[in-house]
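One file, upload29.tsv, carrying TSV, C-alpha atoms:
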chain	number	residue	atom	x	y	z
A	17	MET	CA	2.98	19.72	-5.74
A	18	PHE	CA	3.78	16.20	-4.56
A	19	GLU	CA	0.84	14.70	-2.69
A	20	ALA	CA	-0.60	11.40	-1.51
A	21	GLU	CA	-4.19	11.21	-0.35
A	22	VAL	CA	-6.35	8.42	1.07
A	23	ARG	CA	-10.08	9.06	1.17
A	24	ARG	CA	-13.50	7.44	1.28
A	25	ALA	CA	-15.31	9.98	-0.93
A	26	PRO	CA	-15.05	10.09	-4.74
A	27	PHE	CA	-12.34	12.31	-6.22
A	28	ASP	CA	-12.50	14.81	-9.07
A	29	VAL	CA	-10.36	13.72	-12.02
A	30	ALA	CA	-10.68	17.04	-13.86
A	31	ALA	CA	-9.57	18.93	-10.74
A	32	ALA	CA	-6.54	16.64	-10.37
A	33	HIS	CA	-5.59	17.28	-13.99
A	34	ALA	CA	-6.10	21.02	-13.60
A	35	ARG	CA	-3.82	21.14	-10.55
A	36	LEU	CA	-1.03	19.25	-12.32
A	37	SER	CA	-1.24	21.23	-15.54
A	38	ALA	CA	-1.21	24.55	-13.66
A	39	LEU	CA	2.09	23.85	-11.87
A	40	GLY	CA	4.01	26.31	-14.00
A	41	PRO	CA	5.09	27.33	-17.49
A	42	GLY	CA	7.56	24.41	-17.58
A	43	VAL	CA	4.82	21.76	-17.59
A	44	GLY	CA	4.64	20.24	-21.05
A	45	ALA	CA	3.13	16.85	-20.23
A	46	VAL	CA	0.60	15.54	-17.75
A	47	VAL	CA	-0.23	11.83	-17.46
A	48	LEU	CA	-3.23	10.66	-15.46
A	49	PHE	CA	-4.05	7.04	-14.71
A	50	THR	CA	-7.30	6.00	-13.05
A	51	GLY	CA	-8.20	2.51	-11.88
A	52	GLN	CA	-11.82	1.49	-11.35
A	53	VAL	CA	-13.94	-1.32	-9.97
A	54	ARG	CA	-14.76	-3.96	-12.55
A	55	ASP	CA	-17.09	-6.97	-12.62
A	56	GLU	CA	-18.50	-6.73	-9.08
A	57	PRO	CA	-18.78	-4.30	-6.14
A	58	LEU	CA	-15.77	-4.26	-3.81
A	59	PHE	CA	-14.98	-3.27	-0.28
A	60	LEU	CA	-11.52	-1.80	0.29
A	61	GLU	CA	-9.91	-2.04	3.70
A	62	HIS	CA	-6.74	-0.03	4.41
A	63	TYR	CA	-4.13	0.60	7.08
A	64	PRO	CA	-4.56	4.28	7.99
A	65	GLY	CA	-1.22	6.00	8.37
A	66	MET	CA	0.84	3.34	6.62
A	67	ALA	CA	-1.18	3.81	3.40
A	68	GLU	CA	-0.39	7.53	3.22
A	69	ARG	CA	3.20	6.89	4.31
A	70	GLN	CA	3.87	4.27	1.61
A	71	MET	CA	2.21	6.30	-1.13
A	72	ALA	CA	4.25	9.37	-0.16
A	73	ALA	CA	7.43	7.25	-0.15
A	74	ARG	CA	6.74	5.98	-3.69
A	75	ILE	CA	6.14	9.58	-4.85
A	76	ALA	CA	9.46	10.63	-3.30
A	77	GLU	CA	11.18	7.77	-5.17
A	78	ALA	CA	9.58	8.81	-8.46
A	79	ARG	CA	10.66	12.38	-7.84
A	80	ALA	CA	14.26	11.28	-7.30
A	81	ARG	CA	14.22	9.21	-10.49
A	82	TRP	CA	12.46	11.44	-13.05
A	83	PRO	CA	12.48	15.22	-13.62
A	84	LEU	CA	8.96	15.73	-12.31
A	85	LEU	CA	7.23	19.04	-11.67
A	86	GLY	CA	4.45	17.38	-9.71
A	87	ALA	CA	2.93	14.03	-8.76
A	88	LEU	CA	-0.35	13.07	-7.17
A	89	ALA	CA	-1.68	9.76	-5.87
A	90	ILE	CA	-5.22	9.34	-4.54
A	91	HIS	CA	-6.58	6.01	-3.26
A	92	ARG	CA	-10.10	5.36	-1.98
A	93	PHE	CA	-11.33	2.93	0.66
A	94	GLY	CA	-14.73	1.64	1.75
A	95	ALA	CA	-17.59	0.25	-0.34
A	96	LEU	CA	-17.21	0.86	-4.08
A	97	ASP	CA	-19.61	-0.03	-6.87
A	98	VAL	CA	-18.75	-1.27	-10.36
A	99	GLY	CA	-17.40	1.61	-12.44
A	100	GLU	CA	-16.39	3.74	-9.46
A	101	LEU	CA	-12.84	5.05	-9.49
A	102	ILE	CA	-10.53	3.49	-6.87
A	103	VAL	CA	-7.19	5.09	-7.58
A	104	LEU	CA	-5.66	8.02	-9.44
A	105	VAL	CA	-2.00	8.59	-10.23
A	106	GLY	CA	-0.97	11.78	-11.97
A	107	THR	CA	2.40	13.16	-12.99
A	108	ALA	CA	3.55	16.40	-14.57
A	109	SER	CA	6.83	16.96	-16.38
A	110	ALA	CA	8.37	18.98	-19.21
A	111	HIS	CA	8.22	16.01	-21.58
A	112	ARG	CA	6.01	12.95	-21.98
A	113	ALA	CA	8.55	10.18	-21.34
A	114	ALA	CA	9.14	11.16	-17.71
A	115	ALA	CA	5.42	11.66	-17.11
A	116	PHE	CA	4.44	8.29	-18.66
A	117	GLU	CA	7.23	6.30	-17.03
A	118	SER	CA	6.84	7.78	-13.55
A	119	ALA	CA	3.06	7.26	-13.63
A	120	ALA	CA	3.57	3.58	-14.52
A	121	PHE	CA	6.24	3.25	-11.80
A	122	LEU	CA	3.94	4.80	-9.19
A	123	MET	CA	1.00	2.60	-10.13
A	124	ASP	CA	3.08	-0.61	-10.20
A	125	TRP	CA	4.52	0.11	-6.76
A	126	LEU	CA	1.21	1.25	-5.25
A	127	LYS	CA	-0.23	-2.15	-6.23
A	128	THR	CA	2.42	-4.00	-4.24
A	129	SER	CA	3.30	-1.63	-1.39
A	130	ALA	CA	0.22	0.44	-0.49
A	131	PRO	CA	-1.61	-1.41	2.31
A	132	PHE	CA	-5.11	-1.85	0.84
A	133	TRP	CA	-7.09	-5.09	0.64
A	134	LYS	CA	-10.03	-5.76	-1.69
A	135	ARG	CA	-12.95	-7.95	-0.68
A	136	GLY	CA	-15.47	-9.11	-3.28
A	137	ARG	CA	-18.51	-11.40	-3.10
A	138	ALA	CA	-16.33	-14.52	-2.89
A	139	GLY	CA	-14.16	-13.07	-0.11
A	140	TRP	CA	-10.74	-11.42	0.03
A	141	VAL	CA	-9.05	-10.95	-3.33
A	142	GLU	CA	-5.77	-12.87	-3.69
A	143	ALA	CA	-2.60	-10.95	-4.59
A	144	ARG	CA	-1.35	-11.66	-8.11
A	145	ALA	CA	2.20	-12.68	-8.98
A	146	SER	CA	1.93	-10.54	-12.14
A	147	ASP	CA	1.64	-7.42	-9.93
A	148	ASP	CA	4.89	-8.31	-8.17
A	149	ALA	CA	6.56	-8.85	-11.52
A	150	ALA	CA	5.28	-5.48	-12.79
A	151	ALA	CA	6.82	-3.71	-9.80
A	152	ARG	CA	10.11	-5.62	-10.04
A	153	ARG	CA	10.76	-4.42	-13.59
A	154	TRP	CA	11.57	-1.00	-12.10
A	155	LEU	CA	14.35	-2.38	-9.90
A	156	PRO	CA	17.88	-1.67	-11.16
A	157	SER	CA	19.19	-4.61	-13.19
A	158	LYS	CA	22.43	-6.30	-12.21
A	159	GLY	CA	25.53	-4.48	-13.38
A	160	GLU	CA	23.72	-1.19	-13.76
A	161	GLY	CA	25.12	0.01	-10.44
B	27	MET	CA	6.32	-1.96	27.90
B	28	THR	CA	4.10	-3.29	25.18
B	29	VAL	CA	3.90	-3.69	21.42
B	30	ARG	CA	0.78	-2.48	19.62
B	31	LEU	CA	-0.48	-5.13	17.21
B	32	LEU	CA	-2.73	-4.43	14.24
B	33	TYR	CA	-4.41	-6.99	11.98
B	34	PHE	CA	-6.01	-6.45	8.59
B	35	ALA	CA	-8.27	-8.26	6.12
B	36	TRP	CA	-8.62	-12.04	6.72
B	37	VAL	CA	-5.93	-11.97	9.39
B	38	ARG	CA	-8.12	-9.55	11.38
B	39	GLU	CA	-11.18	-11.74	10.82
B	40	MET	CA	-9.45	-14.95	11.92
B	41	VAL	CA	-7.80	-13.37	14.96
B	42	GLY	CA	-11.12	-11.78	15.89
B	43	ALA	CA	-9.60	-8.38	16.74
B	44	GLU	CA	-8.28	-5.43	14.80
B	45	ALA	CA	-5.82	-4.33	17.49
B	46	GLU	CA	-4.33	-5.64	20.72
B	47	GLN	CA	-1.32	-5.18	23.00
B	48	LEU	CA	1.48	-7.64	23.67
B	49	PRO	CA	3.74	-7.19	26.68
B	50	LEU	CA	7.38	-6.99	25.55
B	51	ALA	CA	10.36	-6.24	27.76
B	52	GLU	CA	13.23	-6.92	25.32
B	53	PRO	CA	13.70	-6.58	21.55
B	54	LEU	CA	12.52	-9.71	19.75
B	55	PRO	CA	12.76	-10.85	16.11
B	56	LEU	CA	9.42	-10.45	14.36
B	57	GLY	CA	9.28	-14.18	13.52
B	58	GLU	CA	9.56	-15.07	17.21
B	59	LEU	CA	6.95	-12.52	18.13
B	60	VAL	CA	4.55	-14.13	15.63
B	61	ALA	CA	5.30	-17.58	17.10
B	62	ARG	CA	4.46	-16.21	20.54
B	63	LEU	CA	1.18	-14.75	19.20
B	64	ARG	CA	0.10	-18.13	17.82
B	65	ALA	CA	-0.31	-19.35	21.38
B	66	ARG	CA	-2.84	-16.64	22.22
B	67	SER	CA	-5.94	-18.32	20.77
B	68	GLU	CA	-7.14	-20.80	18.19
B	69	GLY	CA	-7.89	-17.86	15.88
B	70	HIS	CA	-4.35	-16.50	16.25
B	71	ALA	CA	-2.94	-19.97	15.57
B	72	ARG	CA	-5.02	-20.32	12.40
B	73	ALA	CA	-4.38	-16.79	11.09
B	74	LEU	CA	-0.64	-16.92	11.71
B	75	ALA	CA	-0.01	-20.58	10.81
B	76	GLU	CA	1.75	-19.88	7.50
B	77	PRO	CA	4.12	-16.91	7.54
B	78	ALA	CA	4.58	-17.30	3.76
B	79	ARG	CA	0.96	-16.14	3.33
B	80	LEU	CA	1.53	-13.08	5.54
B	81	ARG	CA	3.23	-9.73	5.24
B	82	ALA	CA	4.32	-7.56	8.15
B	83	ALA	CA	5.07	-3.95	8.92
B	84	VAL	CA	6.95	-2.48	11.87
B	85	ASN	CA	6.17	1.18	12.52
B	86	GLN	CA	4.34	1.37	9.16
B	87	ASP	CA	7.22	0.12	7.00
B	88	PHE	CA	7.40	-3.39	5.51
B	89	ALA	CA	9.60	-5.67	7.59
B	90	GLY	CA	11.03	-9.19	7.23
B	91	TRP	CA	10.69	-11.95	9.85
B	92	ASP	CA	14.20	-11.30	11.13
B	93	ALA	CA	13.49	-7.61	11.85
B	94	LEU	CA	13.83	-6.69	15.52
B	95	VAL	CA	10.66	-5.52	17.26
B	96	ARG	CA	11.25	-3.20	20.19
B	97	PRO	CA	8.98	-2.29	23.10
B	98	GLY	CA	6.75	0.58	21.98
B	99	ASP	CA	6.74	-0.45	18.31
B	100	GLU	CA	3.62	-0.79	16.17
B	101	VAL	CA	3.48	-4.17	14.41
B	102	ALA	CA	0.94	-5.00	11.72
B	103	LEU	CA	0.24	-8.44	10.24
B	104	PHE	CA	-1.79	-8.79	7.05
B	105	PRO	CA	-2.14	-10.64	3.73
B	106	PRO	CA	-0.22	-9.46	0.63
B	107	VAL	CA	-1.78	-6.15	-0.42
B	108	THR	CA	-4.35	-5.99	-3.23
B	109	GLY	CA	-5.07	-2.28	-3.73
B	110	GLY	CA	-4.85	-0.17	-6.86
Take the structure in the file and give it back as structure tokens.
Amino acid sequence: MFEAEVRRAPFDVAAAHARLSALGPGVGAVVLFTGQVRDEPLFLEHYPGMAERQMAARIAEARARWPLLGALAIHRFGALDVGELIVLVGTASAHRAAAFESAAFLMDWLKTSAPFWKRGRAGWVEARASDDAAARRWLPSKGEG
Amino acid sequence: MTVRLLYFAWVREMVGAEAEQLPLAEPLPLGELVARLRARSEGHARALAEPARLRAAVNQDFAGWDALVRPGDEVALFPPVTGG
């Protein structure tokens, strides 16, 4: 199962975990990351179509890079209150390293390539250079081929 | 032929529209297309004044200012993304 989903409604974290862990007898590790609204309510705007397309592309890249048995990315849009979950990334693999690393890779790239924009009380949230840096660490270093 | 234009976040607010059409007969570099759009209204001029503050997608993939836009393409202009 390799899936990207964009939705307004809340998602079920336990159900996401259950789907990943039930992918077969070879699954030995499942990593789930969830991101949530902090400090103040947010409104999330998105680009329908491109959001799903970019999330699916990042999942395909993760799949090519790590021995994954499944990966799932869910991102919400619309009005979200403090404490509500915005995003879920989940990966399943035989061993923990691939599951941990690919989940971090997916989250870092979703932050910089999935077309969502947050608006808070003070207006549109500015992009952070630290997010770009986090994504860039996954690029091949010079000389590595 | 036309190009379908989409705007998001503060670019959408400044332009005052979420979507519009631009007549286009020949392929045109994205940067030149944006320069042409600036002449459409004061809002366009303000929203698109600084390309360094903008990101763009052509047919739902990120594109640089030298990318060629063709008649029939979907072009989106927006601020750097802040999801996750």
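The shell of residues at most 12 Å from Glu56 of chain A, with only C-alpha atoms counted and near chain neighbours (fewer than 3 positions) removed, consists of Gln52, Val53, Phe59, Ala95, Leu96, Asp97, Val98, Gly99, Glu100, Lys134, Arg135, Gly136, Arg137, Ala138, Gly139 and Val141 of chain A.
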Got a sec: who's within 9 Å of segment 69-73 of chain A, counting all atoms listed in the file, leaving out chain neighbours fewer than 5 positions off, as a PDB file with C-alpha atoms, keeping the file's coordinate frame?
ATOM      1  CA  PHE A  18       3.780  16.200  -4.560  1.00  0.00           C
ATOM      2  CA  GLU A  19       0.840  14.700  -2.690  1.00  0.00           C
ATOM      3  CA  ALA A  20      -0.600  11.400  -1.510  1.00  0.00           C
ATOM      4  CA  GLU A  21      -4.190  11.210  -0.350  1.00  0.00           C
ATOM      5  CA  PRO A  64      -4.560   4.280   7.990  1.00  0.00           C
ATOM      6  CA  ALA A  78       9.580   8.810  -8.460  1.00  0.00           C
ATOM      7  CA  ALA A  89      -1.680   9.760  -5.870  1.00  0.00           C
ATOM      8  CA  ILE A  90      -5.220   9.340  -4.540  1.00  0.00           C
ATOM      9  CA  LEU A 122       3.940   4.800  -9.190  1.00  0.00           C
ATOM     10  CA  TRP A 125       4.520   0.110  -6.760  1.00  0.00           C
ATOM     11  CA  LEU A 126       1.210   1.250  -5.250  1.00  0.00           C
ATOM     12  CA  SER A 129       3.300  -1.630  -1.390  1.00  0.00           C
ATOM     13  CA  ALA A 130       0.220   0.440  -0.490  1.00  0.00           C
ATOM     14  CA  PRO A 131      -1.610  -1.410   2.310  1.00  0.00           C
TER      15      PRO A 131
ATOM     16  CA  GLN B  86       4.340   1.370   9.160  1.00  0.00           C
ATOM     17  CA  ASP B  87       7.220   0.120   7.000  1.00  0.00           C
TER      18      ASP B  87
END
Task: Nearby residues (all atoms listed in the file) at most 8 Å from Asn85 of chain B, same-chain spacing under 3 positions excluded, as a VMD selection string - done: chain B and resid 99 to 101
- At a cut-off of 9 Å from (-2.6, -0.9, -5.5) in the coordinates of the file, what residues are picked up using only C-alpha atoms, written as number ranges by chain? A: 91, 103, 123-133, 147; B: 107-110
- [ ] Pick out the residues sitting within 12 Å of segment 39-49 of chain B, and hand them over as a ChimeraX atom specification; count all atoms listed in the file, and ignore anything fewer than 4 positions along from it in its own chain.
- [x] /A:61-63,139-140 /B:27-35,53-54,59-60,62-75,95-105
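Considering all atoms listed in the file, the residue among A:Leu104, A:Ala34, A:Val29, A:Val43 positioned nearest to chain B is A:Leu104.
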Next item on the list: Find the spatial neighbours of Leu155 of chain A, counting only C-alpha atoms, within a cut-off of 12 Å - ignore same-chain residues fewer than 5 positions away - and output them as a PyMOL selection string.
Entry: chain A and resi 77+81+121+124-125+148-150+160-161
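Interatomic distance, atom CA of Val47 of chain A against atom CA of Gly106 of chain A: 5.5 Å.
Between atom CA of Arg152 of chain A and atom CA of Arg74 of chain A there is a distance of 13.6 Å.
Our summary of the geometry notes that atom CA of Val22 of chain A is positioned 17.5 Å from atom CA of Ala119 of chain A.
Among the candidate residues B:Ala61, B:Val37, B:Ala93, B:Ala51, the one lying nearest to chain A is B:Val37, with distances computed using all atoms listed in the file.
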